[in-house]
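Visitor: My structure is in model-v5.pdb, and what it holds is PDB, C-alpha atoms and all ligand atoms:
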```pdb
ATOM      1  CA  MET A 878     151.125  44.187  28.182
ATOM      2  CA  ALA A 879     149.647  45.359  31.484
ATOM      3  CA  ASP A 880     145.879  45.445  31.829
ATOM      4  CA  THR A 881     145.123  49.087  32.651
ATOM      5  CA  ARG A 882     141.319  48.999  32.514
ATOM      6  CA  ILE A 883     139.386  50.668  35.329
ATOM      7  CA  LEU A 884     135.825  49.696  36.263
ATOM      8  CA  VAL A 885     133.671  52.212  38.144
ATOM      9  CA  ASP A 886     130.654  51.026  40.144
ATOM     10  CA  LEU A 887     128.610  54.225  40.000
ATOM     11  CA  GLN A 888     126.239  52.954  42.697
ATOM     12  CA  ARG A 889     129.161  53.157  45.129
ATOM     13  CA  CYS A 890     130.556  56.539  44.080
ATOM     14  CA  THR A 891     129.716  59.329  46.531
ATOM     15  CA  GLY A 892     131.565  62.105  44.693
ATOM     16  CA  CYS A 893     134.189  62.542  47.412
ATOM     17  CA  TRP A 894     137.071  63.339  44.992
ATOM     18  CA  THR A 895     139.493  61.140  46.972
ATOM     19  CA  CYS A 896     140.527  59.369  43.741
ATOM     20  CA  ALA A 897     141.388  62.687  42.091
ATOM     21  CA  MET A 898     143.282  64.006  45.100
ATOM     22  CA  ALA A 899     145.169  60.728  45.614
ATOM     23  CA  CYS A 900     146.386  60.929  42.019
ATOM     24  CA  LYS A 901     147.410  64.549  42.485
ATOM     25  CA  VAL A 902     149.338  63.880  45.700
ATOM     26  CA  GLY A 903     150.813  60.565  44.506
ATOM     27  CA  HIS A 904     152.123  62.092  41.302
ATOM     28  CA  GLN A 905     152.987  65.459  42.905
ATOM     29  CA  LEU A 906     150.882  67.378  40.407
ATOM     30  CA  ALA A 907     150.378  71.127  40.519
ATOM     31  CA  ASP A 908     147.150  72.440  42.025
ATOM     32  CA  ASP A 909     145.602  73.099  38.614
ATOM     33  CA  ASP A 910     146.686  69.786  37.077
ATOM     34  CA  TRP A 911     144.058  67.028  37.290
ATOM     35  CA  ARG A 912     144.137  63.559  35.747
ATOM     36  CA  ILE A 913     140.660  62.761  37.094
ATOM     37  CA  THR A 914     137.799  65.077  37.877
ATOM     38  CA  VAL A 915     134.442  64.035  39.310
ATOM     39  CA  ARG A 916     131.310  65.079  37.460
ATOM     40  CA  THR A 917     128.133  65.816  39.412
ATOM     41  CA  LEU A 918     124.992  64.432  37.781
ATOM     42  CA  GLY A 919     122.315  66.643  39.310
ATOM     43  CA  SER A 920     120.457  69.767  38.245
ATOM     44  CA  GLY A 921     123.500  71.218  36.493
ATOM     45  CA  GLU A 922     123.149  74.409  38.570
ATOM     46  CA  GLY A 923     125.366  75.636  41.397
ATOM     47  CA  ILE A 924     127.749  73.414  43.296
ATOM     48  CA  ASP A 925     126.501  69.872  43.724
ATOM     49  CA  ARG A 926     122.827  70.780  43.438
ATOM     50  CA  PRO A 927     120.521  67.766  43.106
ATOM     51  CA  ALA A 928     117.868  67.472  40.415
ATOM     52  CA  GLY A 929     114.155  67.332  41.280
ATOM     53  CA  GLN A 930     111.928  68.834  43.955
ATOM     54  CA  TRP A 931     112.154  68.083  47.660
ATOM     55  CA  PRO A 932     111.738  65.349  48.818
ATOM     56  CA  GLU A 933     112.115  63.686  45.403
ATOM     57  CA  LEU A 934     115.764  64.664  44.908
ATOM     58  CA  LYS A 935     118.274  62.849  42.739
ATOM     59  CA  GLU A 936     122.044  63.224  42.455
ATOM     60  CA  SER A 937     124.951  61.011  41.511
ATOM     61  CA  TRP A 938     128.611  61.360  40.537
ATOM     62  CA  GLN A 939     130.878  60.093  37.794
ATOM     63  CA  PRO A 940     134.686  60.231  37.947
ATOM     64  CA  ILE A 941     136.186  61.051  34.556
ATOM     65  CA  TRP A 942     139.760  60.053  33.662
ATOM     66  CA  HIS A 943     141.430  62.634  31.431
ATOM     67  CA  THR A 944     143.746  61.821  28.534
ATOM     68  CA  ASN A 945     146.774  62.916  30.595
ATOM     69  CA  CYS A 946     146.174  59.927  32.919
ATOM     70  CA  ILE A 947     149.025  57.453  32.526
ATOM     71  CA  LYS A 948     146.995  54.500  34.037
ATOM     72  CA  CYS A 949     149.467  54.169  35.906
ATOM     73  CA  SER A 950     153.246  53.673  35.709
ATOM     74  CA  VAL A 951     154.660  50.208  34.981
ATOM     75  CA  ASP A 952     156.012  50.043  38.534
ATOM     76  CA  ARG A 953     152.555  50.097  40.036
ATOM     77  CA  THR A 954     151.121  47.474  37.671
ATOM     78  CA  SER A 955     153.959  45.001  37.399
ATOM     79  CA  THR A 956     152.788  42.821  40.269
ATOM     80  CA  GLN A 957     149.313  41.715  41.271
ATOM     81  CA  GLY A 958     147.283  42.863  44.230
ATOM     82  CA  ARG A 959     145.367  45.853  45.465
ATOM     83  CA  SER A 960     148.439  47.589  46.881
ATOM     84  CA  ASN A 961     149.809  47.826  43.345
ATOM     85  CA  ALA A 962     146.699  49.464  41.969
ATOM     86  CA  PRO A 963     146.957  53.119  40.888
ATOM     87  CA  TYR A 964     146.658  55.795  43.564
ATOM     88  CA  CYS A 965     143.128  56.597  42.386
ATOM     89  CA  VAL A 966     141.860  53.013  42.588
ATOM     90  CA  TYR A 967     143.666  52.164  45.815
ATOM     91  CA  SER A 968     142.380  55.239  47.656
ATOM     92  CA  CYS A 969     138.659  55.081  46.886
ATOM     93  CA  PRO A 970     137.038  54.738  50.334
ATOM     94  CA  ASN A 971     133.887  53.135  48.939
ATOM     95  CA  GLY A 972     135.318  50.304  46.874
ATOM     96  CA  ALA A 973     133.844  51.854  43.726
ATOM     97  CA  LEU A 974     136.911  51.184  41.579
ATOM     98  CA  THR A 975     138.280  47.894  40.247
ATOM     99  CA  TRP A 976     141.570  47.608  38.432
ATOM    100  CA  GLY A 977     143.048  45.470  35.665
ATOM    101  CA  GLU A 978     142.594  41.730  35.621
ATOM    102  CA  ASP A 979     140.043  41.787  38.443
ATOM    103  CA  ILE A 980     137.555  43.526  36.151
ATOM    104  CA  ASP A 981     136.097  40.665  34.106
ATOM    105  CA  ALA A 982     134.826  38.771  37.141
ATOM    106  CA  LYS A 983     133.462  42.001  38.629
ATOM    107  CA  ILE A 984     131.599  42.899  35.422
ATOM    108  CA  GLU A 985     130.046  39.460  35.332
ATOM    109  CA  GLU A 986     128.952  39.785  38.964
ATOM    110  CA  LEU A 987     127.412  43.205  38.337
ATOM    111  CA  ARG A 988     125.648  42.045  35.157
ATOM    112  CA  GLN A 989     124.003  39.278  37.146
ATOM    113  CA  ARG A 990     122.757  41.976  39.522
ATOM    114  CA  ASP A 991     121.179  43.862  36.568
ATOM    115  CA  PHE A 992     123.804  46.586  36.257
ATOM    116  CA  ARG A 993     124.168  48.293  32.884
ATOM    117  CA  ILE A 994     127.780  48.360  31.636
ATOM    118  CA  PHE A 995     128.942  51.216  29.386
ATOM    119  CA  GLU A 996     131.897  53.374  28.329
ATOM    120  CA  LEU A 997     131.888  57.080  27.530
ATOM    121  CA  PRO A 998     131.545  57.909  23.823
ATOM    122  CA  ALA A 999     134.630  59.102  21.927
ATOM    123  CA  PHE A1000     133.342  62.701  21.689
ATOM    124  CA  GLU A1001     133.802  63.044  25.462
ATOM    125  CA  GLY A1002     137.577  62.952  24.847
ATOM    126  CA  SER A1003     138.250  61.038  28.065
ATOM    127  CA  LYS A1004     140.819  58.316  28.712
ATOM    128  CA  GLU A1005     140.100  55.009  26.994
ATOM    129  CA  ASP A1006     139.406  51.700  28.772
ATOM    130  CA  VAL A1007     137.377  53.150  31.625
ATOM    131  CA  ILE A1008     134.207  51.103  32.083
ATOM    132  CA  TYR A1009     131.166  52.179  34.101
ATOM    133  CA  ALA A1010     128.481  50.085  35.795
ATOM    134  CA  THR A1011     125.152  51.527  36.911
ATOM    135  CA  LYS A1012     121.628  50.506  37.791
ATOM    136  CA  GLN A1013     120.171  53.814  36.576
TER     137      GLN A1013
HETATM  138  S1  LIG B   1     135.312  56.881  42.701
HETATM  139 FE1  LIG B   1     135.590  56.618  44.906
HETATM  140  S2  LIG B   1     137.163  58.105  45.487
HETATM  141 FE2  LIG B   1     136.375  58.738  43.465
HETATM  142  S3  LIG B   1     134.743  60.212  43.906
HETATM  143 FE3  LIG B   1     133.776  58.172  43.728
HETATM  144  S4  LIG B   1     133.698  57.386  45.842
HETATM  145 FE4  LIG B   1     135.157  59.100  45.834
HETATM  146  S1  LIG B   2     145.718  55.774  36.855
HETATM  147 FE1  LIG B   2     147.433  56.905  37.766
HETATM  148  S2  LIG B   2     147.631  58.765  36.552
HETATM  149 FE2  LIG B   2     145.630  57.884  36.092
HETATM  150  S3  LIG B   2     144.240  58.934  37.470
HETATM  151 FE3  LIG B   2     144.861  57.031  38.496
HETATM  152  S4  LIG B   2     146.633  57.582  39.756
HETATM  153 FE4  LIG B   2     146.295  59.242  38.284
END
```
I'd like the structure from this file rewritten - as structure tokens, please.
Guide:
Amino acid sequence: MADTRILVDLQRCTGCWTCAMACKVGHQLADDDWRITVRTLGSGEGIDRPAGQWPELKESWQPIWHTNCIKCSVDRTSTQGRSNAPYCVYSCPNGALTWGEDIDAKIEELRQRDFRIFELPAFEGSKEDVIYATKQ
């Protein structure tokens, strides 16, 4: 069975939404149909507002895979290599996403650099087997 895990290095995510748009375009989804959305972790007010007071501002982003994600079709996972990664993983401009069998070595590397590894709790209702790494 194909390894469809996705690892997200949150220190590299800049909230650009390229992963979400690449999925939409690659799968020819309608404008209101998203398989990933990107959550802003800031003040919770307005669009992309950071938390804190200037100059001590803090903001980060977390892509969330929805349950309609198919992670991805068999065609894109049947052979090894980055070019066969899902549209979302392949298109991230910051190298924040790691796919499938490459994940275990990456997790080990990040653990050695004091990253915390976690998954979203079940009550979030997001796609399973998405793993996050953060230093925060
Ligand atoms: S995971 Fe990559 S493509 Fe997606 S929002 Fe973060 S930096 Fe952008
Ligand atoms: S794994 Fe495939 S379906 Fe899921 S978000 Fe990425 S590109 Fe879209």
Visitor: Under the rule that all atoms listed in the file are counted, which of A:His943, A:Arg912, A:Lys901, A:Lys948 is the nearest residue to A:Asp880?
Guide: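 Answer, going by the shortest atom-to-atom distance: A:Lys948.
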Visitor: Given the point (126.9, 45.6, 42.4) in the file's coordinates, find the residues that have an atom at most 8 Å from it, counting only C-alpha atoms, and give them as a ChimeraX atom specification.
Guide: /A:886,888,986-987,990,992
Visitor: Contacts between ligand LIG 1 (chain B) and chain A, please, where a residue of chain A counts if it comes within 12 Å (with only C-alpha atoms and all ligand atoms); show its shortest atom pair and distance in Å to one decimal, rows by chain and ascending number, as CSV.
Guide:
```
residue,atom,partner,partner_atom,distance
A:Ile883,CA,B:LIG1,S1,10.5
A:Leu884,CA,B:LIG1,S1,9.7
A:Val885,CA,B:LIG1,S1,6.7
A:Asp886,CA,B:LIG1,S1,7.9
A:Leu887,CA,B:LIG1,FE3,7.5
A:Gln888,CA,B:LIG1,FE3,9.2
A:Arg889,CA,B:LIG1,S4,6.2
A:Cys890,CA,B:LIG1,FE3,3.6
A:Thr891,CA,B:LIG1,S4,4.5
A:Gly892,CA,B:LIG1,S3,3.8
A:Cys893,CA,B:LIG1,FE4,3.9
A:Trp894,CA,B:LIG1,S3,4.0
A:Thr895,CA,B:LIG1,S2,4.1
A:Cys896,CA,B:LIG1,S2,4.0
A:Ala897,CA,B:LIG1,FE2,6.5
A:Met898,CA,B:LIG1,S2,8.5
A:Ala899,CA,B:LIG1,S2,8.4
A:Cys900,CA,B:LIG1,S2,10.3
A:Arg912,CA,B:LIG1,FE2,12.0
A:Ile913,CA,B:LIG1,FE2,8.7
A:Thr914,CA,B:LIG1,S3,8.3
A:Val915,CA,B:LIG1,S3,6.0
A:Arg916,CA,B:LIG1,S3,8.8
A:Thr917,CA,B:LIG1,S3,9.8
A:Ser937,CA,B:LIG1,FE3,9.5
A:Trp938,CA,B:LIG1,FE3,6.9
A:Gln939,CA,B:LIG1,FE3,6.9
A:Pro940,CA,B:LIG1,S1,5.8
A:Ile941,CA,B:LIG1,S1,9.2
A:Trp942,CA,B:LIG1,FE2,10.5
A:Pro963,CA,B:LIG1,S2,11.9
A:Tyr964,CA,B:LIG1,S2,10.0
A:Cys965,CA,B:LIG1,S2,6.9
A:Val966,CA,B:LIG1,S2,7.5
A:Tyr967,CA,B:LIG1,S2,8.8
A:Ser968,CA,B:LIG1,S2,6.3
A:Cys969,CA,B:LIG1,S2,3.7
A:Pro970,CA,B:LIG1,S2,5.9
A:Asn971,CA,B:LIG1,S4,5.3
A:Gly972,CA,B:LIG1,FE1,6.6
A:Ala973,CA,B:LIG1,FE1,5.2
A:Leu974,CA,B:LIG1,S1,6.0
A:Thr975,CA,B:LIG1,S1,9.8
A:Trp976,CA,B:LIG1,S1,12.0
A:Val1007,CA,B:LIG1,S1,11.9
A:Tyr1009,CA,B:LIG1,S1,10.6
A:Ala1010,CA,B:LIG1,S1,11.9
```
Visitor: Please write out, as AutoDock Vina command-line options, where the centre of an axis-aligned box around all listed atoms of stretch 903-907 of chain A lies and how long its edges are, in Å to one decimal, after adding 6 Å on each side.
Guide:
```
--center_x 151.7 --center_y 65.8 --center_z 42.5 --size_x 14.6 --size_y 22.6 --size_z 16.1
```
Visitor: Using only C-alpha atoms and all ligand atoms for the distances, tell me which of A:Arg988, A:Lys983, A:Lys1004, A:Lys935 is nearest to ligand LIG 2 (chain B).
Guide: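 Among the listed residues, A:Lys1004 lies closest to ligand LIG 2 (chain B).
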Visitor: So, counting all atoms listed in the file, which residue among A:Gly921, A:Ala879, A:Thr944, A:Asp979 is closest to ligand LIG 2 (chain B)?
Guide: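 Closest candidate: A:Thr944.
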Visitor: So what do you get for atom CA of A:Glu996 versus atom S2 of ligand LIG 2 (chain B), distance-wise?
Guide: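 Pair atom CA of A:Glu996 / atom S2 of ligand LIG 2 (chain B) returns 18.6 Å.
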Visitor: Closest to ligand LIG 2 (chain B) among A:Ala962, A:Ala928, A:Ala982, A:Leu918, using all atoms listed in the file?
Guide: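 Closest to ligand LIG 2 (chain B) of all the choices is A:Ala962.
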Visitor: What's the separation between atom CA of A:Gln989 and atom CA of A:Gly977, in Å to one decimal place?
Guide: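 If I compute the distance from atom CA of A:Gln989 to atom CA of A:Gly977, I get 20.1 Å.
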Visitor: Return the single residue from A:Gln930, A:Asn961, A:Ser1003, A:Asn945 that is closest to ligand LIG 2 (chain B), with distances computed using only C-alpha atoms and all ligand atoms.
Guide: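 So, comparing all the options, the nearest one is A:Asn945.
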Visitor: Quick one: of A:Cys946, A:Pro998, A:Asp925, A:Glu933, who's nearest to ligand LIG 2 (chain B), counting only C-alpha atoms and all ligand atoms?
Guide: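 Distance minimum relative to ligand LIG 2 (chain B) lands on A:Cys946.
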Visitor: Between atom CA of A:Ile1008 and atom S4 of ligand LIG 2 (chain B), what is the distance, to one decimal in Å?
Guide: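 Here the two named atoms are 16.0 Å from each other.
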